[in-house]
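Structure record follows, encoded as structure tokens.
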Amino acid sequence: MSDEIESVEDFRTRARAWIKANLGPVQGWDLSQHCEDDDEEREAVARDRALQRKLFDAGFAGICFPKEYGGQGLTPDHNRAFNEELAGHEYASRFAVPTFSPCASTLLEFGTAEQKAAHLPAILKGDEVWVQLLSEPGGGSDVAGITTGAVRNDKGDWILNGSKVWTSRAWWADWGLILVRTNWDVPKHTGMSVFIMPLHQPGVEIHRIERLNGESEACQEFFTDVRIPDSDRMGEVDAGWTIGQRWMYHERLGHNSPYVCHPIGQRKAGGPAEPSTVALARRSGRIDDPAARELIGEHRALGIVTQQLSHRIASAAASGKGNTDMSSIDRVFRGVASARRATIAFELAGATASVWDEDEEGATEAVGMNFLMRQVGSIGGGTTEISRNVVAERVLGMPRETSGDKGVAFRDIQRGPKRG
Amino acid sequence: MSDEIESVEDFRTRARAWIKANLGPVQGWDLSQHCEDDDEEREAVARDRALQRKLFDAGFAGICFPKEYGGQGLTPDHNRAFNEELAGHEYASRFAVPTFSPCASTLLEFGTAEQKAAHLPAILKGDEVWVQLLSEPGGGSDVAGITTGAVRNDKGDWILNGSKVWTSRAWWADWGLILVRTNWDVPKHTGMSVFIMPLHQPGVEIHRIERLNGESEACQEFFTDVRIPDSDRMGEVDAGWTIGQRWMYHERLGHNSPYVCHPIGQRKAGGPAEPSTVALARRSGRIDDPAARELIGEHRALGIVTQQLSHRIASAAASGKGNTDMSSIDRVFRGVASARRATIAFELAGATASVWDEDEEGATEAVGMNFLMRQVGSIGGGTTEISRNVVAERVLGMPRETSGDKGVAFRDIQRGPKRG
Amino acid sequence: MLHELTSDQDMLRDTTARFLSDRVPLSKMRKDRDHPAGFDPAYWTSGAELGWTMLLVSEEDGGGSVSGNGAADLALIAYEFGKHAAPGPLVDCNVVASALSGQTGDLQSAVLQGLLSGADIATSCLGAAPWMQSGSESISIRRDGDDLVIDGTVLPVESAAQASYLLVTGMSEGGMTQVLVPANAEGVTIKPLKAIDVTRRFGKVSFAGVRAPASALVGAFGGADAEVARQIQVAAVILSAESVGAMDAAFDMTVDWAFNRYTFGRALASYQALKHRFADMKSWLEASHAISDAAAEAVGKGDGSAAELASAAKSYIGVQGVELAQDCVQMHGGIGVTYEHDLHFFLRRVTLDALLYGTPADHKRLIAAMQINQEMAA
Amino acid sequence: MLHELTSDQDMLRDTTARFLSDRVPLSKMRKDRDHPAGFDPAYWTSGAELGWTMLLVSEEDGGGSVSGNGAADLALIAYEFGKHAAPGPLVDCNVVASALSGQTGDLQSAVLQGLLSGADIATSCLGAAPWMQSGSESISIRRDGDDLVIDGTVLPVESAAQASYLLVTGMSEGGMTQVLVPANAEGVTIKPLKAIDVTRRFGKVSFAGVRAPASALVGAFGGADAEVARQIQVAAVILSAESVGAMDAAFDMTVDWAFNRYTFGRALASYQALKHRFADMKSWLEASHAISDAAAEAVGKGDGSAAELASAAKSYIGVQGVELAQDCVQMHGGIGVTYEHDLHFFLRRVTLDALLYGTPADHKRLIAAMQINQEMAA
């Protein structure tokens with residue numbers, strides 16, 4: 001780094017001017033990744049690629065990435081300033097997560113010089129959208145229990161077989177960061193390796209997974225004898241868990257990562273907008289019913305408490321009085337509170353949350369679907385059950401669960417009921 | 001047994017006539033074991049002893065006990081007929097449980113001829129009230145984990161040291177049935193023995209335990225070098241768990257045991273009467289509040305569901321389609337439902353459940369105290385946690401919890417945190 | 001479901017179970033999500049031949065129970081409907097059939113015969129209900145000379161677009177009125193709705209000055225309150241039994257999952273935190289069986305306790321059935337919310353069953369009103 | 001409690017903590033259950049010297065905060081009160097002191113000085129409150145010439161029998177009125193009540209045509225609504241912080257128990273079903289700390305969000321604090337409901353704190369009203 005780095009305030013002024021002059025107002029499909037259909041989604045992706053290129057050409061792409069890879073070589077404070085200025089403007093929302101974090105962040109940390117030179121500029125220019133290939137159909141909470149495997153052939157290449165799942169938007173993405181098993185004769189954490197791979201190539205089949213609410217952003221990938229050159233290996237053979245832990249750290253940072261370009265202070269949205277509890281009670285004619293009012297109050301109170309808890313946990317971490325395990329407290333609370341809030345909204349809406357006239361104003365479809373999907377907040381990104389283990393064991397210091405796989409060669413770990 | 005046993009219907013007619021002629025109407029202190037103070041309780045005990053003697057003199061005591069021990073040598077159906085006729089009349093409620101079941105029942109099954117001759121007639125005449133000395137201060141759900149021990153001295157007598165707890169009304173009872181450890185070098189279930197002992201003797205100190213609601217029926221007994229002659233041993237040395245399991249079976253039967261004299265179809269009561277939820281809502285001026293009405297409805301529905309579930313479980317057991325483990329389902333449900341119902345009553349009562357004018361009509365003290373004591377229904381007679389284990393493991397067939405004491409000599413079982 | 005069935009009851013249940021497995025497996029339902037009716041007419045007439053619509057109808061009218069308690073028998077069918085997430089207006093056709101049983105008019109008899117044969121579908125437009133505050137009902141029925149005039153809009157109405165007849169419940173001077181109206185009568189508009197369910201179809205039915213002759217009345221003008229309450233008890237019994245079937249399906253599937261799914265080298269079923277949650281679910285499930293059976297028994301007999309038991313079943317199962325299904329989703333993790341998985345059929349079923357014919361809150365309020373009346377009277 | 005305290009705040013908290021441990025250990029409270037006041041006057045005056053009653057009073061009136069935010073400072077004292085289940089009318093004396101701060105009358109000043117020194121106790125008779133439906137308030141205050149006339153009965157009133165003055169809130173034409181009345185005024189009857197608490201004392205206060213001069217008014221006649229709402233926010237902050245302290249005490253005690261209690265050869269803390277419940281409790285506890293602190297901060301600053309945060313704290317902690325304490329009882333088993341054990345002190349504390357100055361349901365309704373007003377305005 002040079003000493004003559006631009007001051008954050010100068011940078012902010014310059015960024016603000018450029019943003020105002022060059023970026024339009026924020027769009028619905030920026031706030032929510034939800035698109036009405038695939039055509040709209042393809043259009044949104046193309047737009048995001050172009051926006052990212054615009055950023056790159058103007059010298060604002062990859063603010064914390066080194067200049068040698070096309071980045072700006074600036075600090076997290078510069079990135080934060082840019083993100084603050086970005087609020088209210090359109091941006092390349094489909095690059096933020098997982099392309100910049102965890103993928104590009106992990107690539108920057110662990111990639112070879114050749115890998116970084118080949119991919120970081122391409123990402124910053126909007127040419128490559130990345131996904132992370134981590135979860136597996138048989139995996140669930142046990143991330144290190146992966147069975148998708150790669151074996152080396154006599155030419156030194158790796159041949160990949162298996163399947164990954166819950167990959168958001170893989171059907172239109174370009175490259176993937178993948179964790180695979182390369183050694184079955186050692187305990188599970190010591191036999192994995194990390195590779196990078198193009199998603200659209202022979203031997204890769206991508207299926208889209210429809211959720212019960214009709215949305216199908218998540219995909220499952222099936223790998224059949226996919227060839228990966230050894231030059232696309234990241235890190236040492238069998239040492240993939242070291243990378244994996246940092247990778248998951250970058251994943252947890254998500255939009256808060258200094259490598260991510262994403263407006264700060266923007267209202268977050270997901271799926272069709274949900275009416276307020278007051279609007280729901282009014283629609284169902286219960287706004288003056290004390291029972292409905294208690295629900296409205298509880299819904300609001302839980303929302304406030306959720307915010308305050310997150311704030312408390314984050315500020316404890318920042319002040320050094322907390323630790324990262326405490327974020328599991330937040331995760332448990334959010335999961336439980338969001339399910340309760342979805343239930344309250346559903347109760348307030350009455351029958352029209354389940355059966356609705358799609359032509360009517362303020363239709364309550366979202367309320368019904370949110371209710372059916374209410375557990376997603378307690379499942380996605382690791383279940384609340386795993387978080388409760390973390391709270392009990394690492395925050396309260398209680399004895400750890402006995403595991404059936406400690407010190408056992410991976411191939412001998414029980415992965416299903418004993419037969420016969 | 002003689003073949004010329006009196007028919008149930010004849011017996012019923014005779015019993016009815018005697019009951020009507022000789023027993024007054026049921027008293028408050030029959031329905032509830034609650035007495036205002038110790039003097040009243042002593043009076044109630046004396047009355048119960050006299051009532052039991054009256055039954056004995058009339059040939060109605062111990063209907064299912066053999067004639068040789070002062071009983072009537074009749075069948076469970078005769079006992080049931082008597083109990084049905086008894087409804088609405090005064091009766092010796094303090095003898096039913098635990099004197100007749102589990103104590104006298106266990107004595108009948110396992111006592112020596114001498115022990116039975118010495119005690120069963122005395123019980124049937126109202127001369128001996130018995131208690132069971134089972135739980136220990138360090139014990140909780142692990143009944144077989146007892147550490148109160150007896151060692152044999154050179155005269156062949158046993159010297160008892162330790163403590164038992166949660167013994168209802170031991171302060172005025174006469175004899176106890178006690179499970180103690182006699183061998184610390186074998187696994188826990190194989191080193192216990194059963195004795196019988198007078199409660200008021202040198203070396204026995206009885207403390208009364210006050211509960212947070214002010215009631216103090218439960219006692220704790222401290223034993224210091226109490227001498228028990230070997231003739232008061234029941235069963236073989238170290239084989240006490242065999243007796244213990246039957247003992248606990250009789251305990252679970254409780255008032256439904258054929259050895260117990262206790263009216264059938266009598267409304268049960270405990271402590272001061274609790275006002276209805278309707279009365280509570282009316283007192284707090286919320287009878288027309290829809291939120292209060294939902295609580296009233298939920299309270300009532302839960303009560304009905306609780307009854308219907310018990311009925312279902314009992315009839316499944318009776319028809320052979322269920323098993324005794326299924327009673328744990330009932331136990332879990334009752335515990336949870338009773339806590340919820342106590343909470344609803346408390347909410348309906350408002351502030352006056354916690355702070356009340358004792359001179360006012362329909363005071364809601366009971367509601368407040370019931371609320372504070374609401375977990376008792378999930379603790380007493382084995383916690384709901386133990387019942388959940390039973391449901392998961394024995395009803396649903398899930399793997400059993402690993403225990404830290406299986407096959408381990410009792411003295412080596414970990415009973416507290418490791419020191420140093 | 002009852003532990004003890006008569007052999008006739010068991011045959012009734014088993015025949016329906018096998019029929020549903022054969023004709024409407026979940027794989028078919030999954031594909032038929034855009035089918036306008038959700039089922040083929042032949043499916044419904046075959047079901048009617050199995051007795052689906054006759055159990056609450058008197059023998060004189062061509063119906064009959066198998067055990068002497070038609071509601072208890074019907075609950076067995078409903079249980080299997082829930083267990084298979086089966087399509088078809090079981091609730092409404094039976095509600096209307098039970099309303100028409102014993103009625104003497106020609107129209108009433110004709111509609112009833114159509115229901116019994118399965119040739120016709122009739123559904124209930126419940127625009128007034130016992131839990132509604134006066135003034136909040138959505139349909140009014142007034143007299144105009146010899147005619148009745150119906151106005152208002154009601155939703156959700158199951159299989160409205162497939163029905164030939166509508167049993168309309170509205171408010172009149174003096175109380176509720178019920179009228180039987182052809183679905184194609186002038187002034188009736190039926191609009192198909194979207195729903196969270198995949199297997200069932202609902203509509204919004206509007207009445208704009210719809211006229212019906214006095215002969216189309218079911219019961220007395222302004223005097224149908226007790227009959228409507230009874231019909232709601234019938235619906236509560238069917239919906240509760242259906243939800244219990246769906247709960248059983250979801251629970252069994254999840255127990256299997258817990259035994260077969262391994263994580264950290266151990267079956268999910270070996271984790272005590274999950275075991276305890278399964279134990280709680282099992283207690284809700286048995287309690288739901290118990291109250292559902294008791295309600296069916298009492299409603300079938302017309303016991304004094306029928307109203308209270310039916311509302312207890314509807315309110316308890318309406319809450320706990322949904323909680324059980326959601327806990328099953330949680331136990332499954334991500335796969336539990338995919339469309340390919342079977343679980344959502346049962347989640348949707350219990351969720352919608354909870355809302356039809358009065359929400360849990362509505363039924364709690366009904367129970368409270370009964371309690372209050374009883375204590376006032378005492 | 002806040003993670004970051006100023007050194008002055010920490011000293012304030014620590015001094016009170018040590019004073020309470022020394023003067024009112026639970027062993028003493030356990031014995032003093034029949035003490036008429038629950039504490040000795042010297043205890044209270046010593047506490048006042050430590051600053052218990054000054055934090056919401058302006059410096060001009062002899063008060064002052066240590067951090068610039070008196071409510072946040074007071075919450076630290078309240079937290080320690082909860083953690084020690086300490087006796088004394090901390091809530092009411094502070095509510096009255098905050099009401100009198102800045103008032104100009106002689107009576108008002110004299111009472112305030114008595115509160116600051118700890119020589120006098122004043123308590124609040126809340127016969128009208130923002131969550132009450134019009135007509136349901138229990139005290140009326142009307143004008144009669146230059147006098148005010150007070151009628152009605154209110155309970156529970158903390159330390160009523162120990163108070164020299166009563167701040168009476170009643171309904172008048174146009175709105176609420178607050179008047180300061182000597183506890184021995186003619187027509188005032190104070191009856192000690194029974195309570196589920198062991199450490200605190202409550203009374204029923206009746207006003208039979210009690211007369212007070214206009215100079216005894218606190219605020220305007222019929223114009224005290226906003227001020228009463230603010231006092232309730234203050235009470236909500238103190239009661240919430242107190243409950244958080246009690247929750248911490250109960251939770252810590254129960255975690256210790258789980259580590260030290262062995263069953264089947266294993267510590268309770270090793271059983272996953274219990275571990276998960278501890279994890280849930282920990283999440284409630286941290287959430288309660290968070291909302292309690294946020295409410296104190298906002299009420300102290302007089303932020304626009306103060307009312308909503310105070311009611312969120314009161315309603316959330318009022319429900320979850322009690323559930324946490326009851327779960328702690330469950331974890332302890334039989335010993336948890338004995339009088340000899342310490343746990344019940346904290347269970348009683350959170351239970352009663354939940355009911356004083358508005359139940360959780362009352363505060364949920366207040367929040368709903370705020371939401372509705374806000375969306376109507378938007």
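We name chains A, B, ... following the order of the structure tokens; residues begin at 1 in each chain, and ligands are numbered from 1 as shown.
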
Could you work out which residues of chain B fall inside 6 Å of chain D? Count only C-alpha atoms, and format the result as a PyMOL selection string. chain B and resi 142+210-212+351+354-357+379+403-405+413-417

I need the residues from that last selection saved to file as a short mmCIF file (atom, residue, chain, number, x, y, z; two decimals), in the first residue's frame (with N, CA and C atoms), if you can.
data_model
loop_
_atom_site.label_atom_id
_atom_site.label_comp_id
_atom_site.auth_asym_id
_atom_site.auth_seq_id
_atom_site.Cartn_x
_atom_site.Cartn_y
_atom_site.Cartn_z
N ASP B 142 -33.40 -39.76 39.53
CA ASP B 142 -32.63 -41.01 39.52
C ASP B 142 -32.91 -41.78 40.81
N GLU B 210 -41.17 -26.31 54.23
CA GLU B 210 -42.20 -25.36 53.83
C GLU B 210 -42.09 -25.10 52.34
N ARG B 211 -43.23 -25.12 51.67
CA ARG B 211 -43.23 -24.77 50.25
C ARG B 211 -43.44 -23.27 50.11
N LEU B 212 -43.23 -22.77 48.93
CA LEU B 212 -43.31 -21.32 48.77
C LEU B 212 -44.73 -20.78 48.94
N ALA B 351 -54.10 -8.11 38.57
CA ALA B 351 -53.23 -7.83 39.72
C ALA B 351 -53.73 -8.48 41.01
N SER B 354 -52.16 -11.49 42.72
CA SER B 354 -50.86 -11.38 43.38
C SER B 354 -50.95 -10.60 44.68
N VAL B 355 -51.91 -9.71 44.74
CA VAL B 355 -52.08 -8.84 45.89
C VAL B 355 -53.56 -8.80 46.17
N TRP B 356 -53.95 -9.23 47.35
CA TRP B 356 -55.38 -9.35 47.58
C TRP B 356 -55.77 -8.99 49.01
N ASP B 357 -57.03 -8.65 49.14
CA ASP B 357 -57.61 -8.32 50.42
C ASP B 357 -58.20 -9.59 50.99
N ILE B 379 -43.34 -31.66 37.98
CA ILE B 379 -42.21 -32.11 38.78
C ILE B 379 -42.59 -33.33 39.63
N SER B 403 -25.88 -43.42 29.74
CA SER B 403 -25.83 -43.08 31.15
C SER B 403 -24.40 -43.23 31.62
N GLY B 404 -24.10 -42.50 32.66
CA GLY B 404 -22.73 -42.51 33.16
C GLY B 404 -22.54 -43.56 34.23
N ASP B 405 -23.56 -44.39 34.49
CA ASP B 405 -23.45 -45.28 35.63
C ASP B 405 -23.69 -46.75 35.29
N ILE B 413 -19.44 -44.22 40.70
CA ILE B 413 -20.28 -43.38 39.84
C ILE B 413 -20.05 -41.91 40.19
N GLN B 414 -19.94 -41.11 39.16
CA GLN B 414 -19.72 -39.69 39.42
C GLN B 414 -21.01 -39.06 39.95
N ARG B 415 -20.89 -38.43 41.13
CA ARG B 415 -22.09 -37.85 41.74
C ARG B 415 -21.97 -36.34 41.90
N GLY B 416 -20.92 -35.81 41.33
CA GLY B 416 -20.74 -34.36 41.44
C GLY B 416 -19.56 -33.99 40.58
N PRO B 417 -19.30 -32.67 40.45
CA PRO B 417 -18.19 -32.24 39.60
C PRO B 417 -16.88 -32.81 40.15
#

To test your reading of the structure, identify every residue in region 133-311 of chain D that backbone DSSP assigns to alpha helix (DSSP H), and report it as a PyMOL selection string. chain D and resi 225-260+272-301+306-311

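Any residue of chain B with an atom within 10 Å of chain A counts; using only C-alpha atoms, that gives Asp289, Pro290, Ala291, Ala292, Arg293, Glu294 and Thr402 of chain B.
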
Based on DSSP run over this structure's backbone, return all residues of region 153-328 of chain D in strand (DSSP E), as a PyMOL selection string. chain D and resi 153-158+165-172+175-182+188-192+194-195+202-213+262-263+266-267

What is the CA of Gly64 (chain C)-CA of Gly51 (chain C) distance in Å, reported with one decimal?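 So the two atoms, CA of Gly64 (chain C) and CA of Gly51 (chain C), lie 8.9 Å apart.
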
What's around Phe333 (chain A) at 9 Å? Count only C-alpha atoms, leave out sequence neighbours fewer than 6 positions away in its own chain, and write the answer as a ChimeraX atom specification. /A:306,309,384 /D:280,283-284,287

Residues from the last selection, C-alpha atoms, saved as a PDB file, in the first residue's frame:
ATOM      1  CA  THR A 306     -35.067  -8.469  18.059  1.00  0.00           C
ATOM      2  CA  LEU A 309     -30.772  -7.785  20.935  1.00  0.00           C
ATOM      3  CA  THR A 384     -31.430 -23.038  15.526  1.00  0.00           C
TER       4      THR A 384
ATOM      5  CA  ASP D 280     -33.374 -20.543  24.922  1.00  0.00           C
ATOM      6  CA  SER D 283     -31.590 -15.820  24.521  1.00  0.00           C
ATOM      7  CA  TRP D 284     -34.558 -14.465  26.498  1.00  0.00           C
ATOM      8  CA  ALA D 287     -33.008  -9.964  24.846  1.00  0.00           C
TER       9      ALA D 287
END

Computed interatomic separation between CA of Gln308 (chain B) and CA of Ser243 (chain C) (Å):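 According to the coordinates, CA of Gln308 (chain B) and CA of Ser243 (chain C) are separated by 17.4 Å.
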
Residue among C:Ile317, C:His276, C:Ala377, C:Pro130 lying closest to chain D, counting only C-alpha atoms: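 Nearest to chain D: C:His276.
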
Can you measure CA of Val97 (chain A) to CA of Pro258 (chain A) for me? One decimal in Å is fine.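 The value is 12.0 Å.
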
Pick from D:Arg142, D:Ala122, D:Val149, D:Glu186 nearest to Glu173 (chain D), counting only C-alpha atoms: D:Arg142

With a distance cut-off of 10 Å and only C-alpha atoms, select the neighbouring residues of Ser257 (chain A), excluding the residue or stretch itself and same-chain residues fewer than 4 positions from it, and output the selection as a PyMOL selection string. chain A and resi 76+79-80+96-97+100-102+105+249-253+261-262

Which of these residues is nearest to Leu167 (chain D), using only C-alpha atoms: D:Pro87, D:Gly118, D:Gly82, D:Gly127?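 For Leu167 (chain D), the nearest of the given residues is D:Gly127.
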
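Shell of His200 (chain A) at 12 Å, with only C-alpha atoms counted and residues fewer than 2 places along the chain excluded, is A:Trp130, A:Ala170, A:Trp171, A:Trp172, A:Ala173, A:Asp174, A:Trp175, A:Gly176, A:Met197, A:Pro198, A:Pro202, A:Gly203, A:Val204, A:Glu205, A:Ile206, A:Glu221, A:Phe222, A:Phe223, A:Val226.
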
Take the selection from the previous step and output its residues with N, CA, C and O atoms, as a short mmCIF file (atom, residue, chain, number, x, y, z; two decimals), in the first residue's frame.
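The resulting file, part.cif, is reproduced below:
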data_model
loop_
_atom_site.label_atom_id
_atom_site.label_comp_id
_atom_site.auth_asym_id
_atom_site.auth_seq_id
_atom_site.Cartn_x
_atom_site.Cartn_y
_atom_site.Cartn_z
N TRP A 130 -20.10 -15.72 -9.13
CA TRP A 130 -19.68 -16.95 -8.46
C TRP A 130 -20.74 -17.44 -7.48
O TRP A 130 -21.56 -16.67 -6.97
N ALA A 170 -27.65 -20.75 -9.00
CA ALA A 170 -26.57 -21.37 -9.78
C ALA A 170 -26.91 -21.48 -11.26
O ALA A 170 -26.02 -21.54 -12.10
N TRP A 171 -28.20 -21.48 -11.58
CA TRP A 171 -28.57 -21.70 -12.98
C TRP A 171 -28.09 -20.62 -13.93
O TRP A 171 -27.93 -20.87 -15.12
N TRP A 172 -27.81 -19.44 -13.44
CA TRP A 172 -27.27 -18.42 -14.33
C TRP A 172 -25.89 -17.92 -13.91
O TRP A 172 -25.34 -17.00 -14.52
N ALA A 173 -25.30 -18.52 -12.87
CA ALA A 173 -23.99 -18.06 -12.42
C ALA A 173 -22.88 -18.71 -13.26
O ALA A 173 -23.14 -19.61 -14.07
N ASP A 174 -21.64 -18.26 -13.06
CA ASP A 174 -20.53 -18.68 -13.94
C ASP A 174 -19.58 -19.68 -13.29
O ASP A 174 -19.26 -20.70 -13.87
N TRP A 175 -19.11 -19.34 -12.12
CA TRP A 175 -18.07 -20.15 -11.48
C TRP A 175 -18.51 -20.54 -10.07
O TRP A 175 -19.33 -19.86 -9.45
N GLY A 176 -17.89 -21.62 -9.58
CA GLY A 176 -18.20 -22.05 -8.21
C GLY A 176 -16.95 -22.36 -7.43
O GLY A 176 -15.92 -22.79 -7.97
N MET A 197 -14.33 -24.05 -10.05
CA MET A 197 -14.80 -24.73 -11.26
C MET A 197 -15.86 -23.92 -12.00
O MET A 197 -16.67 -23.24 -11.40
N PRO A 198 -15.84 -24.00 -13.36
CA PRO A 198 -16.92 -23.38 -14.13
C PRO A 198 -18.19 -24.21 -13.93
O PRO A 198 -18.11 -25.44 -13.85
N PRO A 202 -19.33 -30.01 -19.20
CA PRO A 202 -19.81 -31.38 -19.28
C PRO A 202 -19.75 -32.05 -17.92
O PRO A 202 -18.79 -31.87 -17.16
N GLY A 203 -20.79 -32.81 -17.63
CA GLY A 203 -20.80 -33.55 -16.37
C GLY A 203 -21.49 -32.82 -15.23
O GLY A 203 -21.72 -33.39 -14.18
N VAL A 204 -21.82 -31.54 -15.44
CA VAL A 204 -22.54 -30.78 -14.41
C VAL A 204 -23.98 -30.60 -14.85
O VAL A 204 -24.25 -30.04 -15.91
N GLU A 205 -24.89 -31.11 -14.04
CA GLU A 205 -26.31 -30.87 -14.30
C GLU A 205 -26.85 -30.01 -13.19
O GLU A 205 -26.66 -30.31 -12.01
N ILE A 206 -27.55 -28.97 -13.55
CA ILE A 206 -28.09 -28.07 -12.52
C ILE A 206 -29.62 -28.15 -12.52
O ILE A 206 -30.25 -27.87 -13.53
N GLU A 221 -26.85 -29.24 -7.79
CA GLU A 221 -25.95 -29.57 -8.89
C GLU A 221 -25.54 -31.04 -8.75
O GLU A 221 -25.19 -31.48 -7.66
N PHE A 222 -25.58 -31.73 -9.87
CA PHE A 222 -25.14 -33.12 -9.90
C PHE A 222 -23.85 -33.20 -10.72
O PHE A 222 -23.80 -32.70 -11.85
N PHE A 223 -22.85 -33.82 -10.15
CA PHE A 223 -21.55 -33.90 -10.82
C PHE A 223 -21.25 -35.34 -11.20
O PHE A 223 -21.24 -36.23 -10.35
N VAL A 226 -16.76 -35.07 -13.51
CA VAL A 226 -16.34 -33.73 -13.95
C VAL A 226 -14.82 -33.60 -13.76
O VAL A 226 -14.30 -33.91 -12.69
#

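Using only C-alpha atoms for every distance, the candidate list A:Ala281, A:Ala337, A:Ala117, A:Ile329 yields A:Ile329 as the residue closest to Arg394 (chain A).
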
What's the 12 Å shell around Ala312 (chain C), counting only C-alpha atoms, without same-chain residues fewer than 4 positions away, as a PyMOL selection string? (chain B and resi 294+296-308) or (chain C and resi 233+236-237+240+287-288+290-296+305-308+316-320+358-368+370)

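Minimum distance to Pro98 (chain A) across A:Arg169, A:Lys406, A:Arg16, A:Lys188 (counting only C-alpha atoms) occurs at A:Arg169.
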
Find the residues near Trp166 (chain B): any atom within 8 Å, counting only C-alpha atoms, skip ones fewer than 6 places away on the same chain, and give them as a list in words. Ser135, Glu136, Ile209, Ala218, Cys219 and Gln220 of chain B

Keeping N, CA and C atoms, export the residues of the selection given above as an mmCIF file, in the first residue's frame.
data_model
loop_
_atom_site.group_PDB
_atom_site.id
_atom_site.type_symbol
_atom_site.label_atom_id
_atom_site.label_comp_id
_atom_site.auth_asym_id
_atom_site.auth_seq_id
_atom_site.Cartn_x
_atom_site.Cartn_y
_atom_site.Cartn_z
ATOM 1 N N SER B 135 -37.364 -41.002 48.063
ATOM 2 C CA SER B 135 -36.566 -39.913 47.480
ATOM 3 C C SER B 135 -35.476 -39.455 48.439
ATOM 4 N N GLU B 136 -34.401 -38.940 47.835
ATOM 5 C CA GLU B 136 -33.321 -38.391 48.647
ATOM 6 C C GLU B 136 -32.954 -37.007 48.154
ATOM 7 N N ILE B 209 -40.785 -29.387 55.601
ATOM 8 C CA ILE B 209 -40.325 -28.531 54.505
ATOM 9 C C ILE B 209 -41.451 -27.584 54.126
ATOM 10 N N ALA B 218 -44.778 -31.717 53.370
ATOM 11 C CA ALA B 218 -43.631 -32.587 53.079
ATOM 12 C C ALA B 218 -42.589 -32.484 54.185
ATOM 13 N N CYS B 219 -41.867 -33.591 54.404
ATOM 14 C CA CYS B 219 -40.852 -33.625 55.449
ATOM 15 C C CYS B 219 -39.537 -34.138 54.887
ATOM 16 N N GLN B 220 -38.500 -33.831 55.618
ATOM 17 C CA GLN B 220 -37.218 -34.473 55.357
ATOM 18 C C GLN B 220 -36.790 -35.180 56.646
#
